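Heads up: the structure comes next, in structure tokens.
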Amino acid sequence: MTHSVPNAGPVSSGQESSVQESSQKDSLVKTPVVVCRGVKRIYQQDSVPVHALRGVDLEIQEGEFVSLAGPSGSGKSTLLNSIGGLDGFDAGTVTVGGTDLGALNSAELAELRLHKIGFVFQAYNLIPVLSAQENVEFILQLQGVPSQQRRERATEALASLGLGDLAHRRPGELSGGQQQRVATARAIVTKPVLLLADEPTANLDSKTTSELLEVLQQLNQQQGMTIVTATHDPIVMGFTSRQVAMLDGEIHQDTGSTG
Amino acid sequence: MSTLVLLFNLSLRNILRYRRRNFFLFAAIAVAVGGTTLSNSLIRGWQVSMLETAVSGLTGHIKLQAPGFADDPSLQRAFSSDTQISLSQQIPVAGVTQRINLPAVISSERETRGVALVGVVPTQEDISLYRDLEIEGEGLTGANDGRLLIGKALAQTLQTRVGRRVVIIVQGADGKSRERGYRVSGVFDAPMRWPEKVLVFTGLDALQGTLAGDGLRDPITEISVVLSNEGDRAAAAAELAAAHPSLIVQDWRQMQPQIAEIVDMVEGVMVIWFFLIMSGLTFGLVNTLIASVMQRTQELGMLRALGMNKRLLLVQVVLECVGIMIVGVVAGLALGIVMVLALGDGIDLSAFSESVEAIGISTLLRPVLTVEDLLLFGGLSVLVGFFASYFPARRALKISPLMAMNR
Ligand SMILES: Nc1ncnc2c1ncn2[C@@H]1O[C@H](COP(=O)(O)OP(=O)(O)O)[C@@H](O)[C@H]1O
Ligand SMILES: [Mg+2]
């Protein structure tokens, strides 16, 4: 990662960089990276409606490191999935980097995920038949980045997460913490406007949890990466700059932007 | 392009990943494709053998006869041996032969049988089954050799042998029967049994002398033409018909319609046989691939979550399926070729000679492998792979990005 100035990370795709540039020029009035307005999500479970989100309003500014806390079933994953364009919602609006997700079809959502959002999942979700390096390059390849540049950027991303020596190992040959760091390298190598992590440390012990969180904190502080992570782990919350607590599909508490 | 390389790479590694399962799949495909290659080469061999038999009997590719001879074969419906056969240059001819071919009765001291008495010019007969006869005693020395060459089976029936005399009764040009004694110069063994029972050869000139009447000087009853390429048959027949309007020109398909029908059926039989085997195989392939997709629901969901679109996911599943098929098919074709080579000398069916002849082939069944057949069935197999990939691909398309989240 060559960018040390916060908020300066360009997006790889050309058409989206114009959005980014305008927000840079107009740095006094920052456009939030994420805007949720009255977001509702109702699942039908055995024809009984389950209100997973009951009207969520949330704004996340560029450069924030947000933890989404709350008990199991409170709607953290549902909210992250809506913001990440992985799942639809039944009412309200979600805007990411200025794009209204409600207006996109599934192919456009896939495109948005590919170019604008980085994901880290609870179950590391690496491609088992590819090496760490190949896993990271994979997403660049989907973006159509030329091979030379792909190799350089993947190498750089892995190195920044302290994985330089393990680049040629396959996921099966890595520890849980190492795999999650590879997943993080994969998520940031595209320089997304937003990094979403759904309980990324749930399968890690406290030592590797701290290590991963240090890496995320560094990304946030040194590169201005906007990060939202769902968790119910107090260690994780300790690393974040803003804590949002959910309960029964609503935002229950928000420490707000400390800016 | 680079995306396709990526997907290809990924498919290949996924194939290698489930080594055990895919090995069994490969083996099943290879055995099935190898088996069909072998069986199809035998069917093809049967076809070629039938065709050869049909042509190399006394028919040739094309036969010219006088009108009405087929219904009333007698020397009154003969034509002149001066008849010239010439074909245009682009139709190469393997040989032309003139004959008298008449029904006759042959008698020894013990038995009497109906036969076909064939007057031949031995040097012209290198295009007919005459060429393949194994002769005990002496063959005919020329067209003026007035001795007889009879089949082994007939010799047994008549209880006669080389050097003995037999009597032949045949109708002459004047409509009257001629009865004449002949010496048996040789007894022949043919690749098939029917000629040994019914064909009796003698020199053409000698026979003309015996049968002569007031009519034609050197009568013949048929001219048989063998072409270098069976594909020229129709064109050659048309030319000959135009050149000889007073004669009936028929090709072997018209003279032996049942054999023609069977020969035509062979392609159909091969394709049906292929699809029978392949449908069983496809069932296994589809099941295995669906299992492989289901097993990777989370992984494929993750690819969708990362932003891989449905089209690429589809291509990946299809590549995997077709990849397995291609490797299996190539191995199968190789296996088939090896088996065919091992059988190169053919299968000896002489133990079943009676029934084998009923289906129109000689007692040695040689597999025939053509590049066209290999390409056709290899190509069809890959098509089957595409078809089979439809089902796992459809399953893969139902996987939503949310499935990455399970567990
Ligand atoms: N696909 C689904 N079908 C039905 N109900 C669901 C589905 N996903 C989540 N839910 C329900 O929605 C609520 C919120 O779930 P979730 O967002 O996963 O909570 P959290 O991540 O905070 O544990 C829970 O009651 C859960 O049972
Ligand atoms: Mg959750």
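Labeling convention for the structure tokens: chains A, B, ... as they appear, residues from 1 per chain, ligands from 1 in order of appearance.
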
Got a sec to check which residues lie within 12 Å of ligand 2, using only C-alpha atoms and all ligand atoms, and send them as a PyMOL selection string?
(chain A and resi 52+68-81+121-123+197-200+202+229-232+246+249) or (chain B and resi 402+405-407)

Any chance you could export the current selection's N, CA, C and O atoms as a CSV table (one decimal), in the first residue's frame?
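Saved the output as selection_38.csv:
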```
chain,number,residue,atom,x,y,z
A,52,ALA,N,-36.0,-8.8,11.3
A,52,ALA,CA,-34.5,-8.8,11.5
A,52,ALA,C,-34.0,-7.3,11.6
A,52,ALA,O,-33.1,-7.1,12.4
A,68,LEU,N,-20.0,-3.2,15.2
A,68,LEU,CA,-21.4,-3.4,15.3
A,68,LEU,C,-21.6,-4.5,16.3
A,68,LEU,O,-21.3,-5.6,16.0
A,69,ALA,N,-22.0,-4.1,17.5
A,69,ALA,CA,-22.1,-5.1,18.6
A,69,ALA,C,-23.6,-5.5,18.8
A,69,ALA,O,-24.5,-4.9,18.2
A,70,GLY,N,-23.8,-6.4,19.7
A,70,GLY,CA,-25.2,-6.8,20.0
A,70,GLY,C,-25.3,-8.3,20.1
A,70,GLY,O,-24.5,-9.0,19.5
A,71,PRO,N,-26.3,-8.8,20.8
A,71,PRO,CA,-26.4,-10.2,21.0
A,71,PRO,C,-26.7,-10.9,19.7
A,71,PRO,O,-27.2,-10.3,18.8
A,72,SER,N,-26.5,-12.2,19.8
A,72,SER,CA,-26.8,-13.0,18.6
A,72,SER,C,-28.3,-12.9,18.2
A,72,SER,O,-29.2,-12.9,19.1
A,73,GLY,N,-28.6,-12.7,16.9
A,73,GLY,CA,-29.9,-12.5,16.5
A,73,GLY,C,-30.4,-11.1,16.5
A,73,GLY,O,-31.6,-10.8,16.1
A,74,SER,N,-29.5,-10.2,16.8
A,74,SER,CA,-30.0,-8.8,16.9
A,74,SER,C,-30.0,-8.1,15.6
A,74,SER,O,-30.5,-6.9,15.5
A,75,GLY,N,-29.5,-8.7,14.5
A,75,GLY,CA,-29.6,-8.1,13.2
A,75,GLY,C,-28.3,-7.6,12.6
A,75,GLY,O,-28.3,-7.0,11.6
A,76,LYS,N,-27.1,-7.9,13.3
A,76,LYS,CA,-25.9,-7.4,12.8
A,76,LYS,C,-25.5,-7.9,11.4
A,76,LYS,O,-25.2,-7.1,10.5
A,77,SER,N,-25.6,-9.2,11.2
A,77,SER,CA,-25.3,-9.8,9.9
A,77,SER,C,-26.3,-9.3,8.9
A,77,SER,O,-25.9,-8.9,7.7
A,78,THR,N,-27.5,-9.2,9.2
A,78,THR,CA,-28.5,-8.7,8.2
A,78,THR,C,-28.2,-7.3,7.8
A,78,THR,O,-28.3,-7.0,6.6
A,79,LEU,N,-27.8,-6.5,8.7
A,79,LEU,CA,-27.5,-5.1,8.3
A,79,LEU,C,-26.2,-5.1,7.5
A,79,LEU,O,-26.2,-4.4,6.4
A,80,LEU,N,-25.2,-5.8,7.9
A,80,LEU,CA,-23.9,-5.9,7.1
A,80,LEU,C,-24.2,-6.4,5.7
A,80,LEU,O,-23.7,-5.9,4.7
A,81,ASN,N,-25.1,-7.4,5.6
A,81,ASN,CA,-25.4,-8.0,4.2
A,81,ASN,C,-26.1,-7.0,3.4
A,81,ASN,O,-26.0,-7.0,2.2
A,121,PHE,N,-15.1,-12.7,6.0
A,121,PHE,CA,-16.1,-13.5,6.6
A,121,PHE,C,-15.6,-14.2,7.8
A,121,PHE,O,-14.4,-14.4,8.1
A,122,GLN,N,-16.6,-14.7,8.6
A,122,GLN,CA,-16.3,-15.5,9.8
A,122,GLN,C,-15.5,-16.7,9.4
A,122,GLN,O,-14.4,-17.0,10.0
A,123,ALA,N,-16.0,-17.5,8.5
A,123,ALA,CA,-15.3,-18.7,8.0
A,123,ALA,C,-14.5,-18.2,6.9
A,123,ALA,O,-15.0,-17.9,5.8
A,197,ALA,N,-16.6,-6.7,7.7
A,197,ALA,CA,-16.1,-7.9,8.4
A,197,ALA,C,-17.2,-8.4,9.3
A,197,ALA,O,-17.6,-7.7,10.2
A,198,ASP,N,-17.7,-9.6,9.0
A,198,ASP,CA,-18.8,-10.2,9.9
A,198,ASP,C,-18.2,-11.2,10.9
A,198,ASP,O,-17.8,-12.3,10.5
A,199,GLU,N,-18.0,-10.8,12.1
A,199,GLU,CA,-17.4,-11.6,13.1
A,199,GLU,C,-16.1,-12.2,12.7
A,199,GLU,O,-16.0,-13.5,12.7
A,200,PRO,N,-15.2,-11.5,12.2
A,200,PRO,CA,-14.0,-12.0,11.6
A,200,PRO,C,-13.1,-12.8,12.6
A,200,PRO,O,-12.3,-13.6,12.3
A,202,ALA,N,-14.4,-14.6,15.2
A,202,ALA,CA,-15.2,-15.6,16.0
A,202,ALA,C,-14.5,-16.9,16.1
A,202,ALA,O,-14.6,-17.7,17.1
A,229,THR,N,-17.2,-3.7,11.3
A,229,THR,CA,-17.1,-5.1,11.7
A,229,THR,C,-18.2,-5.4,12.7
A,229,THR,O,-18.4,-4.7,13.7
A,230,ALA,N,-18.9,-6.5,12.5
A,230,ALA,CA,-19.9,-7.0,13.4
A,230,ALA,C,-19.1,-7.9,14.4
A,230,ALA,O,-18.2,-8.6,14.0
A,231,THR,N,-19.5,-7.8,15.7
A,231,THR,CA,-18.8,-8.6,16.7
A,231,THR,C,-19.5,-8.6,18.0
A,231,THR,O,-20.4,-7.8,18.2
A,232,HIS,N,-19.3,-9.6,18.8
A,232,HIS,CA,-19.8,-9.4,20.2
A,232,HIS,C,-18.6,-9.6,21.2
A,232,HIS,O,-18.8,-9.9,22.3
A,246,MET,N,-26.6,-3.0,18.6
A,246,MET,CA,-27.9,-3.3,18.1
A,246,MET,C,-28.6,-4.2,19.1
A,246,MET,O,-28.0,-5.0,19.8
A,249,GLY,N,-33.0,-5.8,16.1
A,249,GLY,CA,-33.2,-5.2,14.8
A,249,GLY,C,-33.2,-3.7,14.8
A,249,GLY,O,-33.6,-3.1,13.8
B,402,LEU,N,-25.2,-15.1,-0.2
B,402,LEU,CA,-25.4,-15.3,1.3
B,402,LEU,C,-24.9,-16.7,1.8
B,402,LEU,O,-24.7,-16.8,2.9
B,405,MET,N,-22.0,-17.3,3.9
B,405,MET,CA,-22.1,-16.9,5.3
B,405,MET,C,-22.4,-18.1,6.2
B,405,MET,O,-22.2,-18.0,7.4
B,406,ASN,N,-22.8,-19.2,5.6
B,406,ASN,CA,-23.2,-20.3,6.5
B,406,ASN,C,-22.0,-20.8,7.3
B,406,ASN,O,-20.9,-20.6,7.0
B,407,ARG,N,-22.4,-21.4,8.4
B,407,ARG,CA,-21.4,-21.9,9.4
B,407,ARG,C,-21.0,-20.9,10.4
B,407,ARG,O,-21.0,-19.7,10.1
```

If you run DSSP on the backbone here, which positions in range 61-245 of chain A get strand (DSSP E)? Please write them as a PyMOL selection string.
chain A and resi 65-69+91-96+99-100+117-120+194-198+227-230+242-245

What are the residues of chain B lining chain A at 9 Å or less? Count only C-alpha atoms, and put the answer as an mmCIF file with C-alpha atoms, in the first residue's frame.
```cif
data_model
loop_
_atom_site.group_PDB
_atom_site.id
_atom_site.type_symbol
_atom_site.label_atom_id
_atom_site.label_comp_id
_atom_site.auth_asym_id
_atom_site.auth_seq_id
_atom_site.Cartn_x
_atom_site.Cartn_y
_atom_site.Cartn_z
ATOM 1 C CA SER B 2 -7.184 -13.910 -18.876
ATOM 2 C CA THR B 3 -10.441 -14.542 -17.024
ATOM 3 C CA LEU B 6 -8.232 -18.172 -14.580
ATOM 4 C CA LEU B 10 -9.554 -23.128 -11.222
ATOM 5 C CA ARG B 13 -7.446 -27.655 -9.805
ATOM 6 C CA ASN B 14 -10.928 -28.521 -8.670
ATOM 7 C CA ARG B 17 -8.857 -31.792 -5.810
ATOM 8 C CA GLN B 298 -20.282 -22.170 0.536
ATOM 9 C CA GLU B 299 -17.223 -21.794 -1.622
ATOM 10 C CA MET B 302 -18.194 -16.872 -1.597
ATOM 11 C CA LEU B 303 -17.192 -16.391 -5.232
ATOM 12 C CA ARG B 304 -20.551 -14.733 -5.807
ATOM 13 C CA ALA B 305 -20.122 -12.629 -2.661
ATOM 14 C CA LEU B 306 -16.732 -11.420 -3.857
ATOM 15 C CA GLY B 307 -18.418 -10.210 -7.000
ATOM 16 C CA MET B 308 -18.013 -13.029 -9.520
ATOM 17 C CA ASN B 309 -21.017 -12.815 -11.777
ATOM 18 C CA LYS B 310 -23.309 -15.709 -12.605
ATOM 19 C CA SER B 400 -26.707 -16.937 -3.544
ATOM 20 C CA PRO B 401 -23.840 -14.884 -2.155
ATOM 21 C CA LEU B 402 -25.431 -15.298 1.273
ATOM 22 C CA ALA B 404 -20.913 -17.873 1.838
ATOM 23 C CA MET B 405 -22.076 -16.897 5.285
ATOM 24 C CA ASN B 406 -23.194 -20.302 6.500
ATOM 25 C CA ARG B 407 -21.403 -21.927 9.374
#
```

Which of A:Glu173, A:Asp205, A:Asp90, A:Asp46 sits closest to ligand 1 [using only C-alpha atoms and all ligand atoms]
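Answer, going by the shortest atom-to-atom distance: A:Asp46.
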
CA of Ser107 in chain B to CA of Gln124 in chain B measures 28.2 Å

Using only C-alpha atoms and all ligand atoms, the best pick from B:Leu276, B:Met294, B:Met403, B:Leu216 as closest to ligand 1 would be B:Met403
